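> Coordinates in query.tsv, TSV, C-alpha atoms and all ligand atoms, are listed below.
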chain	number	residue	atom	x	y	z
A	1	MET	CA	51.44	17.86	-9.31
A	2	PRO	CA	53.56	19.61	-11.96
A	3	HIS	CA	52.92	23.29	-12.48
A	4	THR	CA	52.25	23.98	-16.13
A	5	PHE	CA	52.73	27.71	-15.62
A	6	PRO	CA	55.05	28.22	-12.64
A	7	GLY	CA	54.03	31.28	-10.66
A	8	HIS	CA	50.69	31.63	-12.45
A	9	PHE	CA	47.43	30.33	-11.12
A	10	PRO	CA	43.75	31.18	-11.53
A	11	ALA	CA	42.79	33.83	-8.97
A	12	THR	CA	39.42	32.22	-8.56
A	13	ARG	CA	39.01	28.49	-8.62
A	14	LEU	CA	35.30	27.76	-8.83
A	15	ARG	CA	36.15	24.08	-8.86
A	16	ARG	CA	37.20	24.29	-5.20
A	17	ALA	CA	33.64	24.38	-3.97
A	18	ARG	CA	32.75	21.57	-6.37
A	19	ALA	CA	35.49	19.24	-5.19
A	20	ASN	CA	33.64	17.62	-2.30
A	21	ASP	CA	30.11	16.59	-1.65
A	22	PHE	CA	29.96	18.63	1.56
A	23	THR	CA	31.03	21.85	-0.15
A	24	ARG	CA	28.63	21.18	-3.01
A	25	ARG	CA	25.87	20.80	-0.46
A	26	LEU	CA	26.84	23.99	1.37
A	27	ALA	CA	27.07	26.02	-1.84
A	28	ARG	CA	23.84	24.74	-3.36
A	29	GLU	CA	21.57	27.66	-4.30
A	30	ASN	CA	18.25	25.93	-4.88
A	31	ARG	CA	16.55	22.98	-3.30
A	32	LEU	CA	13.74	20.83	-4.43
A	33	SER	CA	11.51	19.39	-1.75
A	34	VAL	CA	8.29	17.48	-1.47
A	35	ASP	CA	6.71	20.79	-0.41
A	36	ASP	CA	7.12	21.97	-4.00
A	37	LEU	CA	4.93	19.31	-5.55
A	38	ILE	CA	1.33	19.31	-6.72
A	39	TYR	CA	0.09	16.01	-8.10
A	40	PRO	CA	-2.39	16.04	-11.04
A	41	VAL	CA	-4.89	13.15	-11.01
A	42	PHE	CA	-7.48	12.15	-13.62
A	43	VAL	CA	-10.77	10.91	-12.24
A	44	THR	CA	-13.36	9.15	-14.39
A	45	GLU	CA	-17.04	8.37	-14.23
A	46	GLY	CA	-16.33	5.14	-16.10
A	47	GLU	CA	-13.81	2.34	-15.76
A	48	ALA	CA	-10.20	2.95	-14.73
A	49	VAL	CA	-8.14	3.08	-17.93
A	50	ASP	CA	-4.48	3.84	-18.61
A	51	VAL	CA	-3.62	6.93	-20.65
A	52	ALA	CA	-1.82	5.62	-23.74
A	53	ALA	CA	0.41	8.64	-24.35
A	54	MET	CA	1.29	8.96	-20.65
A	55	PRO	CA	2.79	5.64	-19.50
A	56	GLY	CA	2.21	5.20	-15.77
A	57	VAL	CA	-0.78	7.58	-15.68
A	58	ARG	CA	-4.34	6.29	-15.26
A	59	ARG	CA	-7.82	7.66	-15.28
A	60	HIS	CA	-8.97	6.67	-11.79
A	61	THR	CA	-12.35	5.72	-10.43
A	62	LEU	CA	-13.41	7.41	-7.18
A	63	ASP	CA	-11.96	4.48	-5.24
A	64	GLY	CA	-8.73	4.74	-7.19
A	65	LEU	CA	-8.65	8.45	-6.51
A	66	ILE	CA	-8.86	7.84	-2.78
A	67	ARG	CA	-5.93	5.43	-3.05
A	68	GLU	CA	-3.95	8.10	-4.93
A	69	ALA	CA	-4.84	10.65	-2.25
A	70	ALA	CA	-3.73	8.23	0.46
A	71	GLU	CA	-0.39	7.77	-1.28
A	72	ALA	CA	0.03	11.52	-1.68
A	73	VAL	CA	-0.60	12.00	2.05
A	74	GLU	CA	1.78	9.17	2.89
A	75	LEU	CA	4.50	10.76	0.74
A	76	GLY	CA	3.93	14.22	2.21
A	77	ILE	CA	2.74	15.81	-1.05
A	78	PRO	CA	0.86	19.00	-0.04
A	79	ALA	CA	-1.87	19.01	-2.68
A	80	LEU	CA	-3.36	17.30	-5.66
A	81	VAL	CA	-5.26	18.73	-8.60
A	82	LEU	CA	-8.25	16.98	-10.12
A	83	PHE	CA	-9.15	16.58	-13.79
A	84	PRO	CA	-12.44	14.99	-14.82
A	85	VAL	CA	-13.10	12.42	-17.52
A	86	ILE	CA	-16.77	13.02	-18.23
A	87	ASP	CA	-19.13	10.52	-19.82
A	88	PRO	CA	-19.59	11.60	-23.48
A	89	SER	CA	-23.37	11.49	-23.05
A	90	LYS	CA	-23.11	14.39	-20.57
A	91	LYS	CA	-21.20	16.71	-22.89
A	92	THR	CA	-23.23	19.56	-24.33
A	93	PRO	CA	-22.47	22.78	-26.27
A	94	ASP	CA	-23.01	24.81	-23.06
A	95	ALA	CA	-21.16	22.47	-20.67
A	96	ALA	CA	-24.07	22.50	-18.23
A	97	GLU	CA	-22.67	19.47	-16.39
A	98	ALA	CA	-19.64	21.54	-15.32
A	99	ALA	CA	-21.76	23.41	-12.75
A	100	ASN	CA	-23.55	20.32	-11.40
A	101	PRO	CA	-23.09	20.53	-7.61
A	102	ASP	CA	-23.20	16.70	-7.51
A	103	GLY	CA	-21.00	16.21	-10.56
A	104	LEU	CA	-17.84	14.13	-10.69
A	105	ILE	CA	-15.52	16.83	-9.37
A	106	PRO	CA	-17.68	17.96	-6.41
A	107	GLN	CA	-18.13	14.27	-5.52
A	108	SER	CA	-14.38	13.71	-5.75
A	109	ILE	CA	-13.61	16.72	-3.56
A	110	ARG	CA	-16.06	15.57	-0.89
A	111	ALA	CA	-14.69	12.03	-0.97
A	112	ILE	CA	-11.09	13.19	-0.52
A	113	LYS	CA	-11.94	15.77	2.14
A	114	ALA	CA	-13.90	13.19	4.13
A	115	GLU	CA	-10.83	10.92	4.33
A	116	PHE	CA	-7.94	13.37	4.23
A	117	PRO	CA	-9.03	16.84	5.35
A	118	GLN	CA	-5.39	17.95	5.59
A	119	LEU	CA	-4.62	17.23	1.92
A	120	GLY	CA	-4.92	20.30	-0.31
A	121	VAL	CA	-7.48	19.81	-3.05
A	122	MET	CA	-7.16	21.92	-6.14
A	123	THR	CA	-9.55	21.90	-9.09
A	124	ASP	CA	-9.30	22.93	-12.71
A	125	VAL	CA	-11.93	25.44	-13.75
A	126	ALA	CA	-12.54	25.17	-17.50
A	127	LEU	CA	-15.27	23.79	-19.69
A	128	ASP	CA	-13.33	21.60	-22.14
A	129	PRO	CA	-14.00	18.26	-20.42
A	130	TYR	CA	-17.73	19.12	-20.53
A	131	THR	CA	-18.30	20.67	-23.97
A	132	SER	CA	-19.39	18.61	-26.96
A	133	HIS	CA	-16.98	20.70	-29.10
A	134	GLY	CA	-13.97	20.43	-26.77
A	135	GLN	CA	-13.42	24.19	-26.38
A	136	ASP	CA	-12.91	25.81	-22.97
A	137	GLY	CA	-15.98	27.99	-23.38
A	138	VAL	CA	-19.24	28.34	-25.25
A	139	ILE	CA	-18.97	29.07	-28.97
A	140	ASP	CA	-20.88	31.12	-31.55
A	141	GLU	CA	-21.94	29.90	-35.01
A	142	ASP	CA	-18.37	30.44	-36.30
A	143	GLY	CA	-16.86	28.35	-33.53
A	144	TYR	CA	-15.46	31.44	-31.79
A	145	VAL	CA	-15.34	31.11	-28.01
A	146	ILE	CA	-17.49	33.90	-26.59
A	147	ASN	CA	-15.89	35.47	-23.58
A	148	ASP	CA	-18.52	36.94	-21.28
A	149	PRO	CA	-21.17	34.18	-21.36
A	150	THR	CA	-18.33	31.70	-20.73
A	151	ILE	CA	-17.28	33.59	-17.61
A	152	GLY	CA	-20.75	33.24	-16.14
A	153	ILE	CA	-20.66	29.45	-16.58
A	154	LEU	CA	-17.11	29.23	-15.23
A	155	ALA	CA	-18.13	31.12	-12.11
A	156	GLU	CA	-20.95	28.63	-11.56
A	157	GLN	CA	-18.57	25.70	-12.10
A	158	MET	CA	-16.16	27.23	-9.62
A	159	ARG	CA	-18.97	27.74	-7.10
A	160	ALA	CA	-19.75	24.03	-7.21
A	161	HIS	CA	-16.08	23.26	-6.48
A	162	ALA	CA	-15.78	25.77	-3.64
A	163	GLU	CA	-19.05	24.63	-2.12
A	164	ALA	CA	-17.83	21.01	-2.15
A	165	GLY	CA	-14.69	22.06	-0.27
A	166	ALA	CA	-12.00	22.78	-2.86
A	167	ASP	CA	-9.09	24.63	-1.24
A	168	ILE	CA	-7.66	26.05	-4.46
A	169	VAL	CA	-9.61	26.76	-7.62
A	170	SER	CA	-7.56	27.04	-10.71
A	171	PRO	CA	-9.07	28.62	-13.82
A	172	SER	CA	-7.34	27.26	-16.93
A	173	ASP	CA	-9.65	28.78	-19.54
A	174	MET	CA	-7.86	32.08	-20.36
A	175	MET	CA	-11.03	34.14	-20.76
A	176	ASP	CA	-10.67	37.88	-20.04
A	177	GLY	CA	-12.04	38.97	-16.69
A	178	ARG	CA	-12.65	35.50	-15.27
A	179	ILE	CA	-10.63	36.00	-12.11
A	180	ALA	CA	-12.67	39.05	-11.10
A	181	ALA	CA	-15.90	37.13	-11.67
A	182	MET	CA	-14.68	34.20	-9.59
A	183	ARG	CA	-13.33	36.32	-6.77
A	184	GLN	CA	-16.63	38.16	-6.60
A	185	ALA	CA	-18.57	34.88	-6.54
A	186	LEU	CA	-16.35	33.50	-3.78
A	187	GLU	CA	-16.66	36.61	-1.63
A	188	GLY	CA	-20.41	36.68	-2.22
A	189	ASP	CA	-20.69	33.08	-1.02
A	190	GLY	CA	-18.53	33.70	2.05
A	191	HIS	CA	-15.63	31.59	0.76
A	192	VAL	CA	-13.08	34.19	1.77
A	193	ASN	CA	-10.20	31.74	2.12
A	194	THR	CA	-10.57	29.85	-1.15
A	195	VAL	CA	-7.32	30.37	-3.03
A	196	ILE	CA	-7.36	31.23	-6.71
A	197	MET	CA	-4.34	29.93	-8.56
A	198	SER	CA	-4.81	31.24	-12.05
A	199	TYR	CA	-3.37	29.68	-15.14
A	200	ALA	CA	-2.23	33.23	-15.84
A	201	ALA	CA	0.28	32.69	-18.61
A	202	LYS	CA	-1.10	29.73	-20.47
A	203	PHE	CA	0.27	29.30	-23.96
A	204	ALA	CA	-1.43	27.80	-27.01
A	205	SER	CA	0.83	24.77	-26.86
A	206	CYS	CA	1.02	21.43	-28.67
A	207	TYR	CA	2.25	19.87	-25.42
A	208	TYR	CA	-1.30	19.48	-24.06
A	209	ASN	CA	-2.23	16.78	-26.56
A	210	PRO	CA	-1.76	13.76	-24.27
A	211	PHE	CA	-3.91	15.52	-21.64
A	212	ARG	CA	-6.67	16.09	-24.19
A	213	GLU	CA	-6.59	12.36	-24.93
A	214	ALA	CA	-6.71	11.65	-21.21
A	215	VAL	CA	-9.82	13.75	-20.50
A	216	GLY	CA	-11.38	12.76	-23.79
A	217	SER	CA	-11.65	16.23	-25.29
A	218	ALA	CA	-9.27	15.62	-28.20
A	219	ALA	CA	-11.80	13.94	-30.48
A	220	ASN	CA	-14.40	16.61	-29.78
A	221	LEU	CA	-11.92	19.39	-30.48
A	222	GLY	CA	-10.86	17.76	-33.76
A	223	LYS	CA	-8.69	20.06	-35.84
A	224	ALA	CA	-9.77	23.17	-33.97
A	225	ASP	CA	-7.26	24.93	-31.72
A	226	LYS	CA	-7.28	27.35	-28.77
A	227	ARG	CA	-5.28	30.19	-30.26
A	228	THR	CA	-8.05	32.76	-29.88
A	229	TYR	CA	-7.68	32.58	-26.09
A	230	GLN	CA	-4.38	30.96	-25.10
A	231	VAL	CA	-1.21	33.08	-25.45
A	232	ASP	CA	0.89	32.95	-28.62
A	233	PRO	CA	4.08	30.96	-27.85
A	234	ALA	CA	6.07	33.79	-29.43
A	235	ASN	CA	5.10	36.32	-26.74
A	236	THR	CA	6.57	37.34	-23.41
A	237	ASP	CA	5.26	40.82	-22.60
A	238	GLU	CA	1.72	39.62	-23.22
A	239	ALA	CA	2.21	36.85	-20.68
A	240	LEU	CA	3.28	39.43	-18.10
A	241	ARG	CA	0.20	41.52	-18.86
A	242	GLU	CA	-1.95	38.45	-18.26
A	243	VAL	CA	-0.30	37.90	-14.89
A	244	ALA	CA	-0.70	41.57	-13.93
A	245	LEU	CA	-4.40	41.49	-14.76
A	246	ASP	CA	-5.06	38.24	-12.90
A	247	LEU	CA	-3.34	39.59	-9.79
A	248	LYS	CA	-5.30	42.83	-10.00
A	249	GLU	CA	-8.52	40.85	-10.33
A	250	GLY	CA	-7.80	38.84	-7.21
A	251	ALA	CA	-5.59	35.83	-8.01
A	252	ASP	CA	-3.46	34.67	-5.05
A	253	MET	CA	-1.03	32.53	-7.00
A	254	VAL	CA	-0.14	32.33	-10.66
A	255	MET	CA	0.88	29.57	-12.97
A	256	VAL	CA	2.91	29.41	-16.15
A	257	LYS	CA	2.12	26.61	-18.56
A	258	PRO	CA	3.72	24.59	-20.15
A	259	GLY	CA	6.84	24.38	-18.01
A	260	MET	CA	10.27	23.61	-19.46
A	261	PRO	CA	9.81	25.41	-22.81
A	262	TYR	CA	8.72	28.53	-20.86
A	263	LEU	CA	11.34	28.91	-18.13
A	264	ASP	CA	12.04	32.44	-19.37
A	265	ILE	CA	8.43	33.39	-18.66
A	266	ILE	CA	8.59	31.87	-15.16
A	267	HIS	CA	11.74	33.85	-14.49
A	268	ARG	CA	10.24	37.14	-15.62
A	269	VAL	CA	6.99	36.56	-13.75
A	270	LYS	CA	8.80	35.88	-10.48
A	271	GLU	CA	11.20	38.81	-10.95
A	272	THR	CA	8.43	41.20	-11.88
A	273	PHE	CA	5.70	40.32	-9.40
A	274	GLY	CA	7.29	38.35	-6.57
A	275	VAL	CA	4.11	36.36	-6.02
A	276	PRO	CA	3.71	32.61	-5.47
A	277	THR	CA	4.57	31.26	-8.91
A	278	PHE	CA	3.98	27.75	-10.21
A	279	ALA	CA	4.77	25.85	-13.37
A	280	TYR	CA	2.70	23.14	-14.95
A	281	HIS	CA	5.04	20.46	-16.21
A	282	VAL	CA	2.44	19.32	-18.71
A	283	SER	CA	1.36	16.04	-20.25
A	284	GLY	CA	3.48	16.40	-23.40
A	285	GLU	CA	6.58	17.07	-21.33
A	286	TYR	CA	5.81	13.98	-19.29
A	287	ALA	CA	5.28	11.97	-22.49
A	288	MET	CA	8.60	13.13	-23.96
A	289	LEU	CA	10.54	12.19	-20.87
A	290	LYS	CA	8.79	8.84	-20.51
A	291	ALA	CA	9.45	7.99	-24.15
A	292	ALA	CA	13.18	8.56	-23.70
A	293	ILE	CA	13.22	6.84	-20.31
A	294	ASN	CA	11.33	3.78	-21.53
A	295	ASN	CA	13.74	3.49	-24.44
A	296	GLY	CA	16.64	3.50	-22.01
A	297	TRP	CA	17.92	6.81	-23.42
A	298	LEU	CA	17.59	8.81	-20.21
A	299	ASP	CA	17.86	7.86	-16.57
A	300	GLU	CA	14.45	8.51	-15.06
A	301	ARG	CA	15.42	9.78	-11.65
A	302	ALA	CA	18.23	12.00	-12.89
A	303	ALA	CA	16.25	13.41	-15.81
A	304	VAL	CA	13.12	14.16	-13.79
A	305	LEU	CA	14.89	15.70	-10.81
A	306	GLU	CA	17.05	17.88	-13.07
A	307	CYS	CA	13.94	19.04	-14.86
A	308	LEU	CA	12.12	19.84	-11.61
A	309	MET	CA	15.17	21.70	-10.34
A	310	SER	CA	15.08	23.87	-13.47
A	311	PHE	CA	11.70	25.15	-12.30
A	312	LYS	CA	13.08	26.09	-8.91
A	313	ARG	CA	16.07	27.81	-10.51
A	314	ALA	CA	13.78	29.78	-12.80
A	315	GLY	CA	11.88	31.08	-9.78
A	316	CYS	CA	9.03	28.67	-9.16
A	317	ASP	CA	7.62	28.07	-5.72
A	318	GLY	CA	6.16	24.80	-6.86
A	319	VAL	CA	5.39	22.53	-9.79
A	320	LEU	CA	2.38	20.59	-10.97
A	321	THR	CA	3.88	17.37	-12.26
A	322	TYR	CA	2.72	13.87	-13.12
A	323	PHE	CA	6.05	12.74	-11.63
A	324	ALA	CA	5.05	14.07	-8.18
A	325	LYS	CA	4.85	10.68	-6.47
A	326	ASP	CA	8.14	9.45	-7.94
A	327	ALA	CA	9.86	12.72	-7.09
A	328	ALA	CA	8.55	12.60	-3.52
A	329	ARG	CA	9.94	9.07	-3.15
A	330	TRP	CA	13.36	9.98	-4.56
A	331	LEU	CA	13.58	13.08	-2.41
A	332	ALA	CA	12.85	11.01	0.69
A	333	GLU	CA	15.70	8.53	-0.02
B	1	LIG	C1	-8.07	22.56	-19.60
B	1	LIG	C2	-6.68	22.16	-19.32
B	1	LIG	C3	-5.70	21.68	-20.21
B	1	LIG	C4	-4.61	21.33	-19.42
B	1	LIG	C5	-4.92	21.64	-18.11
B	1	LIG	N1	-6.20	22.15	-18.06
B	1	LIG	C6	-5.74	21.44	-21.66
B	1	LIG	C7	-5.95	22.53	-22.62
B	1	LIG	O1	-5.97	23.72	-22.27
B	1	LIG	O2	-6.16	22.21	-23.79
B	1	LIG	C8	-3.33	20.70	-19.92
B	1	LIG	C9	-2.54	19.93	-18.91
B	1	LIG	C10	-1.52	19.01	-19.49
B	1	LIG	O3	-1.24	19.02	-20.71
B	1	LIG	O4	-0.94	18.24	-18.71
B	1	LIG	N2	-8.30	23.81	-20.07
Taking this structure as input, can you express it in the form of structure tokens?
Ligand code: PBG

Amino acid sequence: MPHTFPGHFPATRLRRARANDFTRRLARENRLSVDDLIYPVFVTEGEAVDVAAMPGVRRHTLDGLIREAAEAVELGIPALVLFPVIDPSKKTPDAAEAANPDGLIPQSIRAIKAEFPQLGVMTDVALDPYTSHGQDGVIDEDGYVINDPTIGILAEQMRAHAEAGADIVSPSDMMDGRIAAMRQALEGDGHVNTVIMSYAAKFASCYYNPFREAVGSAANLGKADKRTYQVDPANTDEALREVALDLKEGADMVMVKPGMPYLDIIHRVKETFGVPTFAYHVSGEYAMLKAAINNGWLDERAAVLECLMSFKRAGCDGVLTYFAKDAARWLAE
């Protein structure tokens, strides 16, 4: 090869380690594995129906849920997280159905645990699938979500999940003081090993819209939003304060949500606290990717795996993603 500058050469050639697959493998800093995946599943009291804004995602019946759980076990996915689609007739202003010990979620937990005791079962603790107004808590006459009464109901909801055998309870409501209330309830009931993964830094994001369609809370919520409890997307320090509080109150693991638009938050959380840190790659992120993929604009496997790797690079220990089954299959190839 001709030398362009005889006698001169770059002292460091970073391309050397990129030149071969084996050196690329040896030099690789982060790895994505099936152990990093948590699979979100929608379970319904009604008929199984596809989620329009989330191609490939369904609301499953209990039987369908068991099939999903079987697939997750088969693929080696460590845990799934359940989201309920509640019959509209059961939705009330105070979300009483949320704490029903024989409700859809407790039933789902028992059904999965009976078949696959080794599969981690995680539940979402929040009232929005159960309220007639679609908010995550009870509201006053102005529609303001009132913190402390909401916490009491959330703790009861969580109790029903823990009692049914949930391994990880995951409060997604963003009320102040909820982790302390839940930890106290768990200890009081003797559930000393139930893990709390808090949605610690949960932002008031537009990327949850497909999810709200999926659980059927969108219509109830109408034009209202969740900005009086979820974090302002402009803030970072506030997110760290949320994480600090949740840890102090007894959270074992923390989550940042949404995922890709908030990699900076994930990075700071991991650097600051060094605790098990998760990202929720949310419904809107799934919808965006699927839209591009289904138009032939992005390659599904490459786009999804690159996205999941970004979470690892940012500092995540794991990711909740609707692509969990696909990712597990690709990673096994
Ligand atoms: C319930 C809850 C939401 C999500 C998870 N739990 C919606 C919301 O807060 O409005 C969103 C998940 C997703 O978009 O995939 N509080």
> Within 9 Å of (-16.2, 25.8, -2.7), in the coordinates the file gives, what residues turn up when you count only C-alpha atoms, written out as a list in words?
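In the file's frame, the residues around the point are Pro106, Met158, Arg159, Ala160, His161, Ala162, Glu163, Ala164, Gly165, Ala166, Asp167, Ile168, Val169, Leu186, Asp189, His191 and Thr194 of chain A.
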> Write out as JSON lines a residue-level contact list of stretch 32-64 of chain A versus stretch 87-95 of chain A with cut-off 12 Å: for each qualifying residue the closest pair of atoms and the distance in Å to one decimal, counting all atoms listed in the file, rows sorted by chain and residue number upward.

{"residue": "A:Val43", "atom": "CA", "partner": "A:Asp87", "partner_atom": "CA", "distance": 11.3}
{"residue": "A:Thr44", "atom": "CA", "partner": "A:Asp87", "partner_atom": "CA", "distance": 8.0}
{"residue": "A:Glu45", "atom": "CA", "partner": "A:Asp87", "partner_atom": "CA", "distance": 6.3}
{"residue": "A:Gly46", "atom": "CA", "partner": "A:Asp87", "partner_atom": "CA", "distance": 7.1}
{"residue": "A:Glu47", "atom": "CA", "partner": "A:Asp87", "partner_atom": "CA", "distance": 10.6}
> For C-alpha atoms, I'd like the residues from the last selection saved as a CSV table (one decimal), in the frame of the given file.

chain,number,residue,atom,x,y,z
A,43,VAL,CA,-10.8,10.9,-12.2
A,44,THR,CA,-13.4,9.2,-14.4
A,45,GLU,CA,-17.0,8.4,-14.2
A,46,GLY,CA,-16.3,5.1,-16.1
A,47,GLU,CA,-13.8,2.3,-15.8
> Using only C-alpha atoms and all ligand atoms for the distances, tell me which of A:Asn20, A:Ser170, A:Gln157, A:Gln184 is nearest to ligand LIG 1 (chain B).
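Under the stated criterion, the closest residue is A:Ser170.
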> Find the residues around A:Tyr322 up to 10 Å (all atoms listed in the file counted), leave out those fewer than 4 positions away in its own chain, and share them as a list in words.
Leu37, Ile38, Tyr39, Pro40, Val41, Met54, Gly56, Val57, Tyr280, His281, Val282, Ser283, Glu285, Tyr286, Ala287, Asp326 and Ala327 of chain A
> Take the residues just selected and output them with C-alpha atoms as an mmCIF file, in the frame of the given file.

data_model
loop_
_atom_site.group_PDB
_atom_site.id
_atom_site.type_symbol
_atom_site.label_atom_id
_atom_site.label_comp_id
_atom_site.auth_asym_id
_atom_site.auth_seq_id
_atom_site.Cartn_x
_atom_site.Cartn_y
_atom_site.Cartn_z
ATOM 1 C CA LEU A 37 4.930 19.310 -5.550
ATOM 2 C CA ILE A 38 1.330 19.310 -6.720
ATOM 3 C CA TYR A 39 0.090 16.010 -8.100
ATOM 4 C CA PRO A 40 -2.390 16.040 -11.040
ATOM 5 C CA VAL A 41 -4.890 13.150 -11.010
ATOM 6 C CA MET A 54 1.290 8.960 -20.650
ATOM 7 C CA GLY A 56 2.210 5.200 -15.770
ATOM 8 C CA VAL A 57 -0.780 7.580 -15.680
ATOM 9 C CA TYR A 280 2.700 23.140 -14.950
ATOM 10 C CA HIS A 281 5.040 20.460 -16.210
ATOM 11 C CA VAL A 282 2.440 19.320 -18.710
ATOM 12 C CA SER A 283 1.360 16.040 -20.250
ATOM 13 C CA GLU A 285 6.580 17.070 -21.330
ATOM 14 C CA TYR A 286 5.810 13.980 -19.290
ATOM 15 C CA ALA A 287 5.280 11.970 -22.490
ATOM 16 C CA ASP A 326 8.140 9.450 -7.940
ATOM 17 C CA ALA A 327 9.860 12.720 -7.090
#
> Identify which of the residues A:Val49, A:Leu119, A:Ala204, A:Ala11 lies closest to ligand LIG 1 (chain B), counting all atoms listed in the file when measuring atom-to-atom distances.
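Of the candidates, the smallest distance to ligand LIG 1 (chain B) is held by A:Ala204.
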> May I have the centre and edge lengths, in Å to one decimal, of an axis-aligned box around the listed atoms of ligand LIG 1 (chain B) with 5 Å added to every side, as lines of an AutoDock Vina configuration file?

center_x = -4.6
center_y = 21.0
center_z = -20.9
size_x = 17.4
size_y = 15.6
size_z = 15.7
> If we draw a sphere of 7 Å around (-1.4, 17.0, -23.1), which residues have at least one atom in it when counting all atoms listed in the file? Please report them as a PyMOL selection string.
chain A and resi 207-212+282-284
> In terms of the shortest atom-to-atom distance over all atoms listed in the file, which of A:Asn235, A:Gln107, A:Asn30, A:Ser198 is closest to ligand LIG 1 (chain B)?
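The shortest atom-to-atom distance to ligand LIG 1 (chain B) comes from A:Ser198.
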> When you count only C-alpha atoms, which of these residues is closest to A:Ile146: A:Thr228, A:Glu213, A:Val319, A:Asp124?
A:Thr228
> Between A:Leu62, A:Ala314, A:Val125, A:Ala69, which has the minimum distance to ligand LIG 1 (chain B) (counting only C-alpha atoms and all ligand atoms)?
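Of the candidates, the smallest distance to ligand LIG 1 (chain B) is held by A:Val125.
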> Using atom CA of A:Met175 and atom C10 of ligand LIG 1 (chain B) as the two end points, give the distance in Å to one decimal.
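Atom-to-atom, atom CA of A:Met175 to atom C10 of ligand LIG 1 (chain B), that is 17.9 Å.
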> Take atom CA of A:Leu26 and atom CA of A:Arg301 and report the distance between them in Å, one decimal.
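Spanning atom CA of A:Leu26 to atom CA of A:Arg301 is a straight-line distance of 22.4 Å.
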